[in-house]
Every structure is written in C-alpha cells, then in structure tokens.
Amino acid sequence: MIVYSVLFLIVFIMAMSLRTLFLPNALQEKFISWQSFVYLLFIYSTLFLGFGLLYFLFMQIGFEILTENGETIKGRKVYELQTSFYFSGITLFSVGYGDVSPVGYGRLIAILEGMIGYTIPASFVVRTVIDFRRERG
C-alpha cells in the first residue's frame with residue numbers, strides 16, 4: 001500500500017511540474033500551449049520511431065549497425081526491433097547509456113539523430129519566442 005502511495009505521489013509531482021509549463025503564474029505569462037506541447041511530442045515520436053526503423057531495416061539488409069556489449073545484435077526480429085527503438089530513443093534524447101553502440105554506417109545515422117535531437121528544443125524555444133512577440137506586437 002505504501003509503494004502505491006509513493007508511486008502516486010511521484011506521478012502527481014511530475015504532472016504538477018509539467019502543468020507549470022502551460023499555466024501562467026504571477027511573474028510570467030503563458031509561453032507554451034497544449035497544442036505546442038502535443039506538436040513537440042508528435043515531432044519527437046515520429047523521429048524516434050523513424051530512426052528506430054532505419055536502424056532495424058539496415059540490420060535486416062545485412063549491415064552491422066548496432067552492437068550490444070560489443071557483440072553484433074542477432075536473434076529474434078522482435079528483439080532487434082526493440083533494441084533499435086531503444087537505441088533511437090537514447091540517442092535522440094542524448095542519454096547514451098553505452099550498452100548499445102553504433103558501428104559502421106550506424107555511427108553516421110546516430111550523429112545525425114543526435115544533432116536533430118539537440119536542435120529540436122532550441123528551435124522550439126525560438127519558435128515560441130517569435131510567436132509570442134508576434135502576438136504582443
């Protein structure tokens with residue numbers, strides 16, 4: 001019972017933290033809307049899934065794209081697909097745990113994905129500021 005209470009409390013705190021992005025407070029006006037947030041999630045989702053499928057398809061063609069703990073990823077297709085999505089997610093969000101590594105052409109794809117992952121938040125902020133200035137000006 002205590003575990004569920006702590007779990008609920010953690011999720012509640014996270015939700016309230018995200019809520020502050022959308023609701024104005026006394027010191028600042030609202031800069032982001034739910035529509036913008038959903039749009040950003042959609043962009044990240046399509047990139048995450050798209051790059052994951054690229055890694056997976058290159059592996060199906062026969063390219064050595066990803067290794068896990070130093071060994072080429074071989075086995076069930078479902079596992080290869082899961083690993084491709086996992087690697088795509090950690091690359092897009094720049095976490096990079098190191099358990100799955102790109103090799104060969106996978107390195108070029110990972111660099112491209114990482115660069116896009118870094119530029120999305122910056123472009124989102126710039127776009128929000130431009131839209132905010134248009135509305136006020």
# chains A, B, ... in the order shown; residues from 1 in each chain; ligands from 1
>>> residues_around(residues="Val100 of chain A", least_positions_apart="6", cutoff="10 Å", atoms="only C-alpha atoms", output="list in words")
Leu66, Thr67, Glu68, Asn69, Gly70, Glu71, Thr72, Ile73, Thr83, Ser84, Tyr86, Phe87 and Ile90 of chain A
>>> residues_around(residues="segment 37-53 of chain A", least_positions_apart="4", cutoff="12 Å", atoms="only C-alpha atoms", output="JSON, numbers by chain")
{"A": [18, 19, 21, 22, 31, 32, 33, 57, 58, 59, 60, 65, 66, 77, 78, 80, 81, 82, 83, 84, 85, 86, 87, 88, 89, 90, 91, 92, 93, 106, 108, 109, 110, 111, 112, 113, 114, 115, 116, 117, 118, 119, 120, 121, 122, 123, 124, 125, 127, 128]}
>>> write_last_selection(atoms="N, CA and C atoms", output="CSV table (one decimal), in the first residue's frame")
chain,number,residue,atom,x,y,z
A,18,LEU,N,5.0,19.5,-14.9
A,18,LEU,CA,4.6,19.8,-16.3
A,18,LEU,C,3.5,20.8,-16.5
A,19,ARG,N,2.6,20.8,-15.5
A,19,ARG,CA,1.5,21.8,-15.6
A,19,ARG,C,2.0,23.2,-15.6
A,21,LEU,N,4.3,24.5,-17.1
A,21,LEU,CA,4.6,24.9,-18.5
A,21,LEU,C,3.5,25.6,-19.1
A,22,PHE,N,2.2,25.2,-18.8
A,22,PHE,CA,1.1,25.6,-19.5
A,22,PHE,C,0.2,26.7,-18.8
A,31,PHE,N,3.8,30.9,-22.0
A,31,PHE,CA,4.5,30.9,-23.3
A,31,PHE,C,4.3,29.7,-24.1
A,32,ILE,N,3.7,28.6,-23.6
A,32,ILE,CA,3.5,27.4,-24.3
A,32,ILE,C,2.1,26.9,-24.1
A,33,SER,N,1.5,26.4,-25.2
A,33,SER,CA,0.2,25.9,-25.1
A,33,SER,C,0.2,24.4,-25.2
A,57,LEU,N,15.9,-1.6,-40.2
A,57,LEU,CA,15.9,-2.0,-41.6
A,57,LEU,C,17.3,-2.2,-42.1
A,58,PHE,N,18.2,-1.4,-41.7
A,58,PHE,CA,19.6,-1.6,-42.1
A,58,PHE,C,20.2,-2.9,-41.6
A,59,MET,N,19.8,-3.3,-40.4
A,59,MET,CA,20.2,-4.6,-39.9
A,59,MET,C,19.6,-5.7,-40.7
A,60,GLN,N,18.3,-5.6,-41.2
A,60,GLN,CA,17.7,-6.6,-41.9
A,60,GLN,C,18.3,-6.8,-43.3
A,65,ILE,N,25.0,-2.4,-37.9
A,65,ILE,CA,24.7,-1.1,-37.5
A,65,ILE,C,24.8,-0.9,-36.0
A,66,LEU,N,24.4,-1.8,-35.2
A,66,LEU,CA,24.4,-1.7,-33.8
A,66,LEU,C,25.1,-2.9,-33.1
A,77,LYS,N,13.6,-11.2,-34.5
A,77,LYS,CA,13.4,-9.9,-35.1
A,77,LYS,C,12.7,-8.9,-34.1
A,78,VAL,N,11.9,-9.4,-33.2
A,78,VAL,CA,11.3,-8.6,-32.2
A,78,VAL,C,12.3,-7.9,-31.3
A,80,GLU,N,15.5,-7.4,-32.1
A,80,GLU,CA,16.2,-6.4,-32.9
A,80,GLU,C,15.5,-5.1,-33.0
A,81,LEU,N,14.2,-5.2,-33.2
A,81,LEU,CA,13.3,-4.1,-33.3
A,81,LEU,C,13.3,-3.3,-32.0
A,82,GLN,N,13.1,-4.0,-30.9
A,82,GLN,CA,13.1,-3.4,-29.6
A,82,GLN,C,14.4,-2.6,-29.3
A,83,THR,N,15.5,-3.3,-29.7
A,83,THR,CA,16.8,-2.7,-29.4
A,83,THR,C,17.0,-1.5,-30.3
A,84,SER,N,16.5,-1.5,-31.6
A,84,SER,CA,16.6,-0.4,-32.5
A,84,SER,C,15.9,0.8,-31.9
A,85,PHE,N,14.7,0.6,-31.4
A,85,PHE,CA,13.9,1.7,-30.8
A,85,PHE,C,14.5,2.2,-29.6
A,86,TYR,N,15.0,1.3,-28.8
A,86,TYR,CA,15.7,1.7,-27.5
A,86,TYR,C,16.9,2.6,-27.9
A,87,PHE,N,17.8,2.2,-28.8
A,87,PHE,CA,18.9,2.9,-29.2
A,87,PHE,C,18.5,4.3,-29.8
A,88,SER,N,17.5,4.3,-30.6
A,88,SER,CA,17.0,5.5,-31.2
A,88,SER,C,16.5,6.5,-30.1
A,89,GLY,N,15.8,6.0,-29.1
A,89,GLY,CA,15.4,6.9,-28.0
A,89,GLY,C,16.5,7.5,-27.2
A,90,ILE,N,17.5,6.6,-26.8
A,90,ILE,CA,18.6,7.2,-26.0
A,90,ILE,C,19.5,8.1,-26.8
A,91,THR,N,19.5,7.9,-28.1
A,91,THR,CA,20.3,8.8,-29.0
A,91,THR,C,19.6,10.1,-29.2
A,92,LEU,N,18.3,10.0,-29.5
A,92,LEU,CA,17.6,11.3,-29.7
A,92,LEU,C,17.6,12.2,-28.5
A,93,PHE,N,17.5,11.6,-27.3
A,93,PHE,CA,17.5,12.4,-26.1
A,93,PHE,C,18.8,12.5,-25.4
A,106,GLY,N,26.0,3.0,-38.9
A,106,GLY,CA,25.2,3.3,-37.8
A,106,GLY,C,25.7,4.6,-37.1
A,108,LEU,N,27.1,7.2,-38.5
A,108,LEU,CA,26.6,8.4,-39.2
A,108,LEU,C,25.2,8.7,-38.9
A,109,ILE,N,24.4,7.6,-38.9
A,109,ILE,CA,22.9,7.8,-38.6
A,109,ILE,C,22.8,8.3,-37.2
A,110,ALA,N,23.5,7.8,-36.2
A,110,ALA,CA,23.4,8.2,-34.8
A,110,ALA,C,23.8,9.7,-34.6
A,111,ILE,N,24.9,10.1,-35.4
A,111,ILE,CA,25.3,11.5,-35.3
A,111,ILE,C,24.2,12.4,-35.8
A,112,LEU,N,23.6,12.0,-36.9
A,112,LEU,CA,22.5,12.8,-37.5
A,112,LEU,C,21.3,12.9,-36.5
A,113,GLU,N,21.0,11.8,-35.9
A,113,GLU,CA,19.9,11.7,-35.0
A,113,GLU,C,20.2,12.6,-33.7
A,114,GLY,N,21.4,12.5,-33.2
A,114,GLY,CA,21.8,13.3,-32.1
A,114,GLY,C,21.8,14.7,-32.4
A,115,MET,N,22.2,15.2,-33.5
A,115,MET,CA,22.2,16.6,-33.9
A,115,MET,C,20.8,17.1,-34.0
A,116,ILE,N,19.9,16.3,-34.5
A,116,ILE,CA,18.5,16.7,-34.6
A,116,ILE,C,17.9,16.7,-33.2
A,117,GLY,N,18.2,15.8,-32.4
A,117,GLY,CA,17.7,15.8,-31.0
A,117,GLY,C,18.2,17.0,-30.2
A,118,TYR,N,19.4,17.5,-30.5
A,118,TYR,CA,19.8,18.7,-29.8
A,118,TYR,C,19.1,20.0,-30.3
A,119,THR,N,18.9,20.0,-31.6
A,119,THR,CA,18.3,21.2,-32.2
A,119,THR,C,16.8,21.4,-32.1
A,120,ILE,N,16.1,20.3,-31.8
A,120,ILE,CA,14.6,20.4,-31.7
A,120,ILE,C,14.3,21.4,-30.5
A,121,PRO,N,14.8,21.2,-29.3
A,121,PRO,CA,14.4,22.1,-28.2
A,121,PRO,C,14.8,23.5,-28.5
A,122,ALA,N,16.0,23.7,-29.1
A,122,ALA,CA,16.4,25.1,-29.4
A,122,ALA,C,15.4,25.8,-30.4
A,123,SER,N,15.1,25.0,-31.4
A,123,SER,CA,14.2,25.6,-32.5
A,123,SER,C,12.8,25.8,-31.9
A,124,PHE,N,12.4,24.9,-31.0
A,124,PHE,CA,11.1,25.0,-30.3
A,124,PHE,C,11.0,26.3,-29.5
A,125,VAL,N,12.1,26.6,-28.8
A,125,VAL,CA,12.1,27.8,-27.9
A,125,VAL,C,12.1,29.0,-28.8
A,127,ARG,N,11.0,29.3,-31.9
A,127,ARG,CA,9.6,29.4,-32.5
A,127,ARG,C,8.6,30.0,-31.5
A,128,THR,N,8.7,29.6,-30.2
A,128,THR,CA,7.8,30.1,-29.2
A,128,THR,C,8.0,31.6,-29.0
>>> select_by_dssp(residues="chain A", states="helix (DSSP H, G or I)", output="ChimeraX atom specification")
/A:2-19,34-61,77-92,105-136
>>> select_by_dssp(residues="chain A", states="strand (DSSP E)", output="PDB file with N, CA, C and O atoms, in the first residue's frame")
ATOM      1  N   LEU A  66      24.381  -1.821 -35.211  1.00  0.00           N
ATOM      2  CA  LEU A  66      24.417  -1.694 -33.752  1.00  0.00           C
ATOM      3  C   LEU A  66      25.078  -2.914 -33.128  1.00  0.00           C
ATOM      4  O   LEU A  66      24.938  -4.035 -33.624  1.00  0.00           O
ATOM      5  N   THR A  67      25.785  -2.671 -32.031  1.00  0.00           N
ATOM      6  CA  THR A  67      26.316  -3.771 -31.228  1.00  0.00           C
ATOM      7  C   THR A  67      25.825  -3.588 -29.801  1.00  0.00           C
ATOM      8  O   THR A  67      25.597  -2.468 -29.343  1.00  0.00           O
ATOM      9  N   GLU A  68      25.657  -4.710 -29.139  1.00  0.00           N
ATOM     10  CA  GLU A  68      25.234  -4.684 -27.740  1.00  0.00           C
ATOM     11  C   GLU A  68      26.310  -5.359 -26.915  1.00  0.00           C
ATOM     12  O   GLU A  68      26.616  -6.534 -27.131  1.00  0.00           O
ATOM     13  N   GLU A  71      28.950  -7.045 -29.037  1.00  0.00           N
ATOM     14  CA  GLU A  71      28.575  -8.113 -29.967  1.00  0.00           C
ATOM     15  C   GLU A  71      27.465  -7.641 -30.897  1.00  0.00           C
ATOM     16  O   GLU A  71      26.569  -6.915 -30.489  1.00  0.00           O
ATOM     17  N   THR A  72      27.549  -8.084 -32.155  1.00  0.00           N
ATOM     18  CA  THR A  72      26.530  -7.739 -33.129  1.00  0.00           C
ATOM     19  C   THR A  72      25.178  -8.248 -32.662  1.00  0.00           C
ATOM     20  O   THR A  72      25.060  -9.365 -32.155  1.00  0.00           O
ATOM     21  N   VAL A 100      24.357  -0.252 -25.854  1.00  0.00           N
ATOM     22  CA  VAL A 100      24.178  -0.449 -27.293  1.00  0.00           C
ATOM     23  C   VAL A 100      24.973   0.655 -27.979  1.00  0.00           C
ATOM     24  O   VAL A 100      24.842   1.827 -27.648  1.00  0.00           O
ATOM     25  N   SER A 101      25.809   0.267 -28.943  1.00  0.00           N
ATOM     26  CA  SER A 101      26.685   1.230 -29.621  1.00  0.00           C
ATOM     27  C   SER A 101      26.537   1.115 -31.127  1.00  0.00           C
ATOM     28  O   SER A 101      26.375   0.016 -31.658  1.00  0.00           O
ATOM     29  N   PRO A 102      26.636   2.248 -31.822  1.00  0.00           N
ATOM     30  CA  PRO A 102      26.591   2.191 -33.289  1.00  0.00           C
ATOM     31  C   PRO A 102      27.949   1.812 -33.851  1.00  0.00           C
ATOM     32  O   PRO A 102      28.991   2.121 -33.272  1.00  0.00           O
TER      33      PRO A 102
END
>>> closest_residue(among="A:Leu9, A:Leu54, A:Gly98, A:Ser36", to="Asp131 of chain A", atoms="only C-alpha atoms")
A:Ser36
>>> atom_distance(atom1="atom CA of Asp99 of chain A", atom2="atom CA of Phe63 of chain A")
19.1 Å
